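*Asks:* So here's protein22.txt, just compact mmCIF, C-alpha atoms:
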```txt
# COMPACT_ATOMS: atom_id res chain seq x y z
CA MET Q 506 99.59 110.60 296.51
CA ALA Q 507 100.75 114.22 296.66
CA ALA Q 508 100.79 115.87 293.29
CA ARG Q 509 103.81 117.93 292.30
CA SER Q 510 105.70 119.20 289.29
CA LEU Q 511 109.18 117.79 288.85
CA ASP Q 512 112.22 119.55 287.52
CA PRO Q 513 113.60 117.14 284.86
CA ARG Q 514 116.92 117.06 286.72
CA GLU Q 515 115.14 115.96 289.88
CA LEU Q 516 113.45 113.17 287.94
CA ASP Q 517 116.86 112.07 286.64
CA LYS Q 518 118.02 111.74 290.25
CA GLN Q 519 114.93 109.70 291.17
CA ILE Q 520 115.56 107.31 288.30
CA LYS Q 521 119.24 106.95 289.14
CA ALA Q 522 118.30 106.12 292.73
CA GLY Q 523 115.65 103.65 291.53
CA LYS Q 524 112.96 105.44 293.55
CA LEU Q 525 110.10 105.74 291.08
CA ALA Q 526 106.71 107.31 291.66
CA PRO Q 527 103.56 105.25 290.92
CA VAL Q 528 102.43 107.57 288.09
CA TYR Q 529 104.33 110.00 285.86
CA LEU Q 530 103.27 112.45 283.17
CA LEU Q 531 106.11 113.42 280.83
CA TYR Q 532 105.25 115.93 278.14
CA GLY Q 533 106.71 118.62 275.89
CA GLU Q 534 108.37 119.22 272.56
CA ASP Q 535 111.76 117.74 273.43
CA ASN Q 536 111.04 114.26 272.10
CA LYS Q 537 114.63 113.09 272.28
CA ARG Q 538 115.02 114.02 275.95
CA ILE Q 539 111.73 112.34 276.82
CA GLU Q 540 112.78 109.18 274.95
CA ALA Q 541 116.02 109.10 276.94
CA VAL Q 542 114.10 109.46 280.21
CA VAL Q 543 111.71 106.66 279.26
CA ASP Q 544 114.67 104.42 278.39
CA ALA Q 545 116.26 105.25 281.75
CA ILE Q 546 113.05 104.33 283.58
CA GLU Q 547 113.00 101.01 281.73
CA ALA Q 548 116.64 100.46 282.64
CA THR Q 549 115.72 100.34 286.33
CA ILE Q 550 114.43 96.83 285.56
CA ASP Q 551 116.94 94.00 285.25
CA PRO Q 552 117.58 93.32 281.53
CA GLY Q 553 116.52 89.69 281.87
CA ASP Q 554 113.19 90.72 283.40
CA ARG Q 555 112.27 93.49 280.95
CA PRO Q 556 110.43 91.33 278.41
CA PHE Q 557 108.01 90.40 281.21
CA ALA Q 558 108.12 93.53 283.37
CA VAL Q 559 108.06 96.40 280.84
CA GLU Q 560 105.13 97.11 278.55
CA ARG Q 561 104.90 99.89 275.96
CA ILE Q 562 101.41 100.82 274.84
CA TYR Q 563 100.23 103.27 272.18
CA ALA Q 564 97.19 105.23 273.36
CA ALA Q 565 93.94 104.61 271.45
CA GLU Q 566 95.47 101.75 269.44
CA GLU Q 567 95.16 97.98 269.89
CA ARG Q 568 95.50 97.19 273.62
CA GLY Q 569 95.84 100.91 274.23
CA PHE Q 570 92.36 101.90 275.35
CA PRO Q 571 91.74 103.07 278.93
CA VAL Q 572 90.40 99.73 280.16
CA ASP Q 573 93.45 97.95 278.64
CA ILE Q 574 95.94 100.40 280.16
CA ALA Q 575 94.35 100.11 283.59
CA ALA Q 576 94.41 96.31 283.37
CA ALA Q 577 98.08 96.32 282.32
CA ALA Q 578 98.96 98.61 285.22
CA ARG Q 579 97.10 96.39 287.71
CA SER Q 580 98.94 93.23 286.62
CA LEU Q 581 101.40 91.98 289.20
CA PRO Q 582 105.07 91.46 288.30
CA MET Q 583 105.94 87.99 286.97
CA LEU Q 584 109.61 88.49 287.76
CA GLY Q 585 111.21 90.98 290.11
CA ASP Q 586 109.20 93.37 292.24
CA ARG Q 587 108.10 96.06 289.74
CA ARG Q 588 106.27 96.49 286.46
CA ILE Q 589 106.62 99.52 284.19
CA VAL Q 590 103.80 100.45 281.82
CA ILE Q 591 104.52 103.25 279.35
CA VAL Q 592 101.65 104.92 277.47
CA LEU Q 593 103.00 106.60 274.34
CA ARG Q 594 101.12 109.28 272.36
CA ALA Q 595 99.06 109.96 275.45
CA GLU Q 596 98.01 113.31 273.98
CA ARG Q 597 95.26 111.28 272.32
CA TYR Q 598 93.64 111.24 275.76
CA LEU Q 599 95.16 114.40 277.21
CA LYS Q 600 94.59 116.68 274.21
CA PRO Q 601 92.59 114.77 271.60
CA LYS Q 602 91.81 116.23 268.22
CA ARG Q 603 88.09 116.46 267.72
CA ALA Q 604 86.74 115.09 264.46
CA LYS Q 605 84.22 117.93 264.29
CA ALA Q 606 82.70 120.52 266.55
CA ALA Q 607 79.53 119.58 268.37
CA ALA Q 608 76.42 120.87 266.61
CA ASP Q 609 74.86 122.25 269.79
CA ASP Q 610 75.21 122.27 273.57
CA ASP Q 611 73.30 119.00 273.98
CA ALA Q 612 75.65 117.24 271.55
CA ALA Q 613 78.69 118.72 273.32
CA GLU Q 614 77.39 117.53 276.70
CA ALA Q 615 76.73 114.04 275.33
CA GLN Q 616 80.21 113.93 273.84
CA GLY Q 617 81.73 115.00 277.17
CA GLU Q 618 79.81 112.30 279.06
CA GLU Q 619 80.96 109.67 276.56
CA GLU Q 620 84.60 110.75 276.94
CA MET Q 621 84.37 110.61 280.74
CA ALA Q 622 82.86 107.14 280.58
CA ASP Q 623 85.63 105.96 278.25
CA LEU Q 624 88.35 107.29 280.55
CA GLN Q 625 86.78 106.13 283.79
CA PRO Q 626 89.01 103.03 284.17
CA LEU Q 627 92.08 105.26 284.04
CA GLU Q 628 90.58 107.83 286.39
CA GLU Q 629 89.89 105.07 288.88
CA TYR Q 630 93.39 103.64 288.50
CA ILE Q 631 95.34 106.88 288.96
CA ALA Q 632 93.24 107.64 292.05
CA SER Q 633 94.48 104.37 293.59
CA PRO Q 634 97.54 103.06 291.71
CA VAL Q 635 99.11 99.66 292.30
CA PRO Q 636 102.30 100.07 294.38
CA SER Q 637 104.26 97.53 292.31
CA THR Q 638 103.64 99.38 289.01
CA THR Q 639 105.06 102.58 287.59
CA LEU Q 640 102.66 103.98 284.99
CA VAL Q 641 104.20 106.57 282.64
CA PHE Q 642 102.14 108.78 280.33
CA VAL Q 643 104.15 110.35 277.48
CA ALA Q 644 102.58 113.19 275.50
CA ALA Q 645 103.73 115.84 273.05
CA GLU Q 646 101.20 118.29 274.48
CA ILE Q 647 98.35 118.39 276.97
CA ASP Q 648 95.15 120.34 277.52
CA ARG Q 649 94.98 121.24 281.21
CA GLY Q 650 91.33 122.20 280.83
CA ARG Q 651 90.21 118.64 280.21
CA ARG Q 652 88.77 116.63 283.09
CA PHE Q 653 91.10 113.64 282.74
CA THR Q 654 94.19 115.82 282.23
CA LYS Q 655 93.36 117.72 285.42
CA LYS Q 656 92.96 114.48 287.36
CA LEU Q 657 96.20 113.04 286.02
CA ALA Q 658 98.15 116.25 286.68
CA ASN Q 659 96.78 116.27 290.24
CA GLU Q 660 97.78 112.68 290.96
CA ALA Q 661 100.97 112.17 288.94
CA ALA Q 662 104.51 113.47 289.19
CA VAL Q 663 104.64 115.82 286.20
CA ALA Q 664 107.77 116.79 284.23
CA GLU Q 665 107.73 119.13 281.25
CA TYR Q 666 110.44 118.99 278.59
CA THR Q 667 110.82 122.18 276.61
CA LEU Q 668 113.18 125.13 276.25
CA GLY Q 669 112.59 127.63 279.03
CA PRO Q 670 109.19 128.38 280.59
CA SER Q 671 105.93 127.19 279.04
CA ASP Q 672 104.56 130.73 278.96
CA ALA Q 673 106.53 132.69 276.38
CA ARG Q 674 105.05 135.90 277.79
CA ALA Q 675 106.47 135.33 281.28
CA PRO Q 676 109.05 137.88 282.48
CA GLY Q 677 112.50 136.89 281.32
CA ALA Q 678 111.15 134.00 279.21
CA ALA Q 679 113.24 134.85 276.15
CA ARG Q 680 116.40 134.99 278.23
CA GLU Q 681 115.61 131.64 279.85
CA VAL Q 682 114.91 130.02 276.49
CA ARG Q 683 118.20 131.29 275.10
CA ALA Q 684 120.16 130.12 278.14
CA ALA Q 685 118.52 126.67 277.96
CA ALA Q 686 119.29 126.42 274.24
CA VAL Q 687 122.94 127.36 274.76
CA ALA Q 688 123.22 124.80 277.56
CA LEU Q 689 121.66 122.10 275.36
CA VAL Q 690 124.10 122.74 272.50
CA GLN Q 691 127.08 122.65 274.84
CA GLU Q 692 125.85 119.50 276.57
CA GLU Q 693 125.30 117.56 273.33
CA VAL Q 694 128.62 118.68 271.84
CA ALA Q 695 130.44 117.69 275.03
CA LYS Q 696 128.77 114.26 274.97
CA ALA Q 697 130.23 113.80 271.48
CA LYS Q 698 133.68 114.72 272.93
CA LYS Q 699 133.89 117.82 270.78
CA THR Q 700 134.19 121.55 271.30
CA ILE Q 701 132.35 124.28 269.43
CA GLU Q 702 133.16 127.92 268.80
CA PRO Q 703 130.88 130.37 270.68
CA ALA Q 704 129.86 131.92 267.37
CA GLY Q 705 128.69 128.49 266.20
CA VAL Q 706 126.58 128.08 269.34
CA GLN Q 707 124.94 131.44 268.70
CA LEU Q 708 124.13 130.51 265.10
CA LEU Q 709 122.37 127.34 266.23
CA VAL Q 710 120.46 129.13 268.98
CA GLN Q 711 119.38 132.03 266.77
CA ARG Q 712 118.04 129.69 264.10
CA ALA Q 713 116.08 127.48 266.51
CA GLY Q 714 114.48 130.14 268.69
CA ALA Q 715 112.24 128.25 271.13
CA ASP Q 716 111.86 125.23 268.82
CA VAL Q 717 113.73 122.48 270.67
CA SER Q 718 112.96 119.92 267.94
CA ARG Q 719 114.64 122.09 265.32
CA LEU Q 720 117.59 122.71 267.64
CA ARG Q 721 118.10 119.00 268.31
CA GLY Q 722 117.77 118.23 264.60
CA ASP Q 723 120.41 120.82 263.74
CA ILE Q 724 122.74 119.54 266.47
CA GLU Q 725 122.39 115.96 265.25
CA ARG Q 726 123.10 116.95 261.65
CA LEU Q 727 126.05 119.06 262.78
CA LEU Q 728 127.59 116.19 264.75
CA LEU Q 729 127.14 113.84 261.81
CA TYR Q 730 128.61 116.42 259.43
CA THR Q 731 131.67 116.98 261.65
CA GLU Q 732 132.31 113.34 262.48
CA GLY Q 733 136.06 112.82 262.87
CA GLN Q 734 136.61 116.43 263.96
CA SER Q 735 137.30 117.38 267.56
CA LYS Q 736 136.46 121.06 267.03
CA ILE Q 737 133.36 122.53 265.40
CA SER Q 738 133.71 125.93 263.81
CA ALA Q 739 131.09 128.57 263.07
CA ALA Q 740 131.76 127.80 259.40
CA ASP Q 741 130.70 124.18 260.00
CA VAL Q 742 127.46 125.39 261.52
CA SER Q 743 126.85 127.79 258.64
CA GLU Q 744 127.36 124.92 256.22
CA ILE Q 745 124.33 123.04 257.52
CA ILE Q 746 122.00 125.87 258.54
CA SER Q 747 122.56 128.59 255.98
CA SER Q 748 120.10 131.37 256.78
CA GLU Q 749 119.97 132.30 253.12
CA VAL Q 750 118.10 129.08 252.27
CA ALA Q 751 114.32 129.23 252.64
CA VAL Q 752 112.82 126.81 255.14
CA GLU Q 753 110.70 125.16 252.48
CA ASP Q 754 113.86 124.46 250.44
CA GLU Q 755 115.76 123.23 253.48
CA TRP Q 756 113.09 120.62 254.21
CA ALA Q 757 111.87 119.94 250.67
CA VAL Q 758 113.34 116.42 250.57
CA THR Q 759 111.78 115.28 253.84
CA ASN Q 760 108.47 116.97 252.97
CA ALA Q 761 108.34 115.05 249.69
CA ILE Q 762 109.20 111.76 251.42
CA ALA Q 763 106.51 112.38 254.03
CA ALA Q 764 104.00 113.06 251.26
CA GLY Q 765 104.87 109.73 249.62
CA ASP Q 766 106.10 111.50 246.46
CA ALA Q 767 109.30 109.69 245.45
CA ALA Q 768 109.70 111.58 242.17
CA ARG Q 769 109.60 114.97 243.90
CA ALA Q 770 111.93 113.69 246.64
CA LEU Q 771 114.46 112.62 243.99
CA ARG Q 772 114.21 116.00 242.22
CA GLU Q 773 114.79 117.85 245.50
CA THR Q 774 117.71 115.56 246.37
CA ALA Q 775 119.32 116.31 243.01
CA ARG Q 776 118.74 120.05 243.52
CA ARG Q 777 120.46 120.04 246.90
CA LEU Q 778 123.40 117.97 245.68
CA ASP Q 779 123.75 120.21 242.62
CA ARG Q 780 124.02 123.30 244.81
CA GLY Q 781 126.77 121.62 246.81
CA ASP Q 782 124.95 120.46 249.95
CA SER Q 783 126.83 117.89 251.99
CA PRO Q 784 125.37 114.35 251.74
CA HIS Q 785 126.36 113.90 255.40
CA ALA Q 786 124.29 116.92 256.45
CA MET Q 787 121.37 115.63 254.37
CA LEU Q 788 121.72 112.24 256.04
CA GLY Q 789 121.53 113.84 259.46
CA GLN Q 790 118.37 115.67 258.50
CA LEU Q 791 116.79 112.45 257.23
CA ARG Q 792 117.77 110.63 260.42
CA TRP Q 793 116.08 113.34 262.49
CA TRP Q 794 112.94 113.05 260.35
CA VAL Q 795 112.84 109.26 260.80
CA SER Q 796 113.37 109.38 264.57
CA SER Q 797 110.77 112.07 265.15
CA ARG Q 798 108.22 112.52 262.38
CA LEU Q 799 108.17 108.98 260.94
CA ALA Q 800 108.22 107.45 264.44
CA GLU Q 801 105.16 109.52 265.26
CA GLY Q 802 103.26 108.94 262.01
CA ASP Q 803 104.13 105.35 261.01
CA PRO Q 804 106.27 103.54 263.64
CA ALA Q 805 106.29 100.24 261.73
CA ARG Q 806 108.52 101.86 259.10
CA VAL Q 807 111.11 103.18 261.55
CA ARG Q 808 113.35 100.10 261.89
CA PRO Q 809 113.74 99.52 258.10
CA ALA Q 810 114.34 103.26 257.67
CA LEU Q 811 117.08 103.29 260.33
CA ASN Q 812 118.70 100.27 258.66
CA ALA Q 813 118.69 102.12 255.33
CA LEU Q 814 120.23 105.19 256.98
CA LEU Q 815 122.95 103.09 258.59
CA ARG Q 816 123.81 101.35 255.28
CA THR Q 817 124.06 104.70 253.52
CA ASP Q 818 126.13 106.27 256.28
CA LEU Q 819 128.63 103.41 256.19
CA ALA Q 820 128.80 103.49 252.39
CA LEU Q 821 129.41 107.25 252.34
CA LYS Q 822 132.17 107.00 254.94
CA SER Q 823 133.89 104.11 253.17
CA SER Q 824 133.47 105.55 249.66
CA GLY Q 825 131.31 102.55 248.90
CA GLY Q 826 129.66 104.05 245.84
CA ASP Q 827 128.73 107.28 244.11
CA GLU Q 828 127.31 109.76 246.65
CA ARG Q 829 124.45 110.80 244.40
CA VAL Q 830 123.43 107.21 243.73
CA LEU Q 831 123.62 106.35 247.43
CA MET Q 832 121.47 109.33 248.42
CA GLU Q 833 118.91 108.68 245.67
CA ARG Q 834 118.64 105.01 246.71
CA LEU Q 835 118.14 106.08 250.33
CA VAL Q 836 115.38 108.52 249.39
CA VAL Q 837 113.54 105.81 247.47
CA ASP Q 838 113.91 103.40 250.42
CA LEU Q 839 112.47 105.96 252.83
CA THR Q 840 109.51 106.95 250.69
CA GLY Q 841 106.35 104.99 251.37
CA ARG Q 842 102.71 105.78 251.82
CA PRO Q 843 102.00 109.38 252.81
CA LEU Q 844 101.96 110.13 256.51
CA ALA Q 845 98.59 110.95 258.01
CA ARG Q 846 99.24 114.69 258.28
CA TYR Q 847 99.72 114.84 254.53
```
Could you spell out this file's structure in structure tokens?
*Replies:*
Amino acid sequence: MAARSLDPRELDKQIKAGKLAPVYLLYGEDNKRIEAVVDAIEATIDPGDRPFAVERIYAAEERGFPVDIAAAARSLPMLGDRRIVIVLRAERYLKPKRAKAAADDDAAEAQGEEEMADLQPLEEYIASPVPSTTLVFVAAEIDRGRRFTKKLANEAAVAEYTLGPSDARAPGAAREVRAAAVALVQEEVAKAKKTIEPAGVQLLVQRAGADVSRLRGDIERLLLYTEGQSKISAADVSEIISSEVAVEDEWAVTNAIAAGDAARALRETARRLDRGDSPHAMLGQLRWWVSSRLAEGDPARVRPALNALLRTDLALKSSGGDERVLMERLVVDLTGRPLARY
């Protein structure tokens, strides 16, 4: 199979035409875009066949080790003519975090040999993939210096999802990032059947820089905050991303929830409401945290968290209770055991 990098728009055309490659590598910081692409790949399978033809696997978890992934990819379709196997959190194989540095060169060599042996089933599979399977690796980041990453990049169709070029030092990189960010804001606002003032676009872009996750989070909160409006003003944008508020204050509620500290989360919620923050903007921020950070750190909690967000959103819109009480109840519902990074 000829290896090549894919422009994300070219991949969208492939999916729409139903002409999928045997192996894909999708990576980058734009989690939401990647999720949409993965959903679109799944949607190429008839809905009735998906329970049998689509398999999502988490790398390095139960049924997510290289031998398991290779076996899943080699399985023949039970219904229809294609299987889709999606390997989530593939950075665990493509850019793993080392528990500790090797003590000496011999230990490093032994560790490298062990890693190659572990990944051998996948190396063998991607060298000769099954025609009836599309195997999709999804990663937040990759290390192109690793043996397996090199092999996968050489054999797979590779699409990167980020703002602008990967190398921030490349000529014109800043201009490309800015143009991509402006295009993303306009695209998402248009999807919501709204318009936005140019000054509002610039505020969003300036705040996000090259951080596509922050930009998407701000856009989502903005759309939630302006629900019912057809036009978004620069003042609306300023309301949710005031540059005068320190980043640690802006994210204090979600940081406390992620740390499993309900008392601190409640104190920070009260502080934000006391200073006049919109509960709708806060809800958008919490929804972004659930769909990105919680989904990454503790996926079993995502569905109950989304249900709690939906209940609160409906209650706020229908005046179904005191806003402070609703937000405090939501914060308590979202707070659980600390996420691993904490």
*Asks:* For the atom pair atom CA of Leu640 of chain Q and atom CA of Val592 of chain Q, what is the interatomic distance in Å to one decimal place?
*Replies:* 7.6 Å
*Asks:* Excluding segment 554-563 of chain Q and any residue of its chain fewer than 3 positions from it, enumerate the residues within 10 Å of it, using all atoms listed in the file, and give them as a PyMOL selection string.
*Replies:* chain Q and resi 546-551+566-570+573-574+577-578+580-595+597+638-643
*Asks:* Mind pulling up the distance from atom CA of Glu646 of chain Q to atom CA of Arg579 of chain Q?
*Replies:* 25.9 Å
*Asks:* For a quick check of understanding, using only C-alpha atoms, which of Q:Ala810, Q:Ile701, Q:Ile520, Q:Leu839 has the smallest distance to Ile724 of chain Q?
*Replies:* Q:Ile701
*Asks:* So, with all atoms listed in the file as the atoms that count, which of Q:Leu821, Q:Ala695, Q:Val635, Q:Leu778 lies closest to Ala575 of chain Q?
*Replies:*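 Ranked by minimum distance to Ala575 of chain Q, first place goes to Q:Val635.
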*Asks:* Measure the distance from atom CA of Leu624 of chain Q to atom CA of Glu596 of chain Q in Å and round it to one decimal.
*Replies:*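 Answer for the atom CA of Leu624 of chain Q to atom CA of Glu596 of chain Q separation: 13.1 Å.
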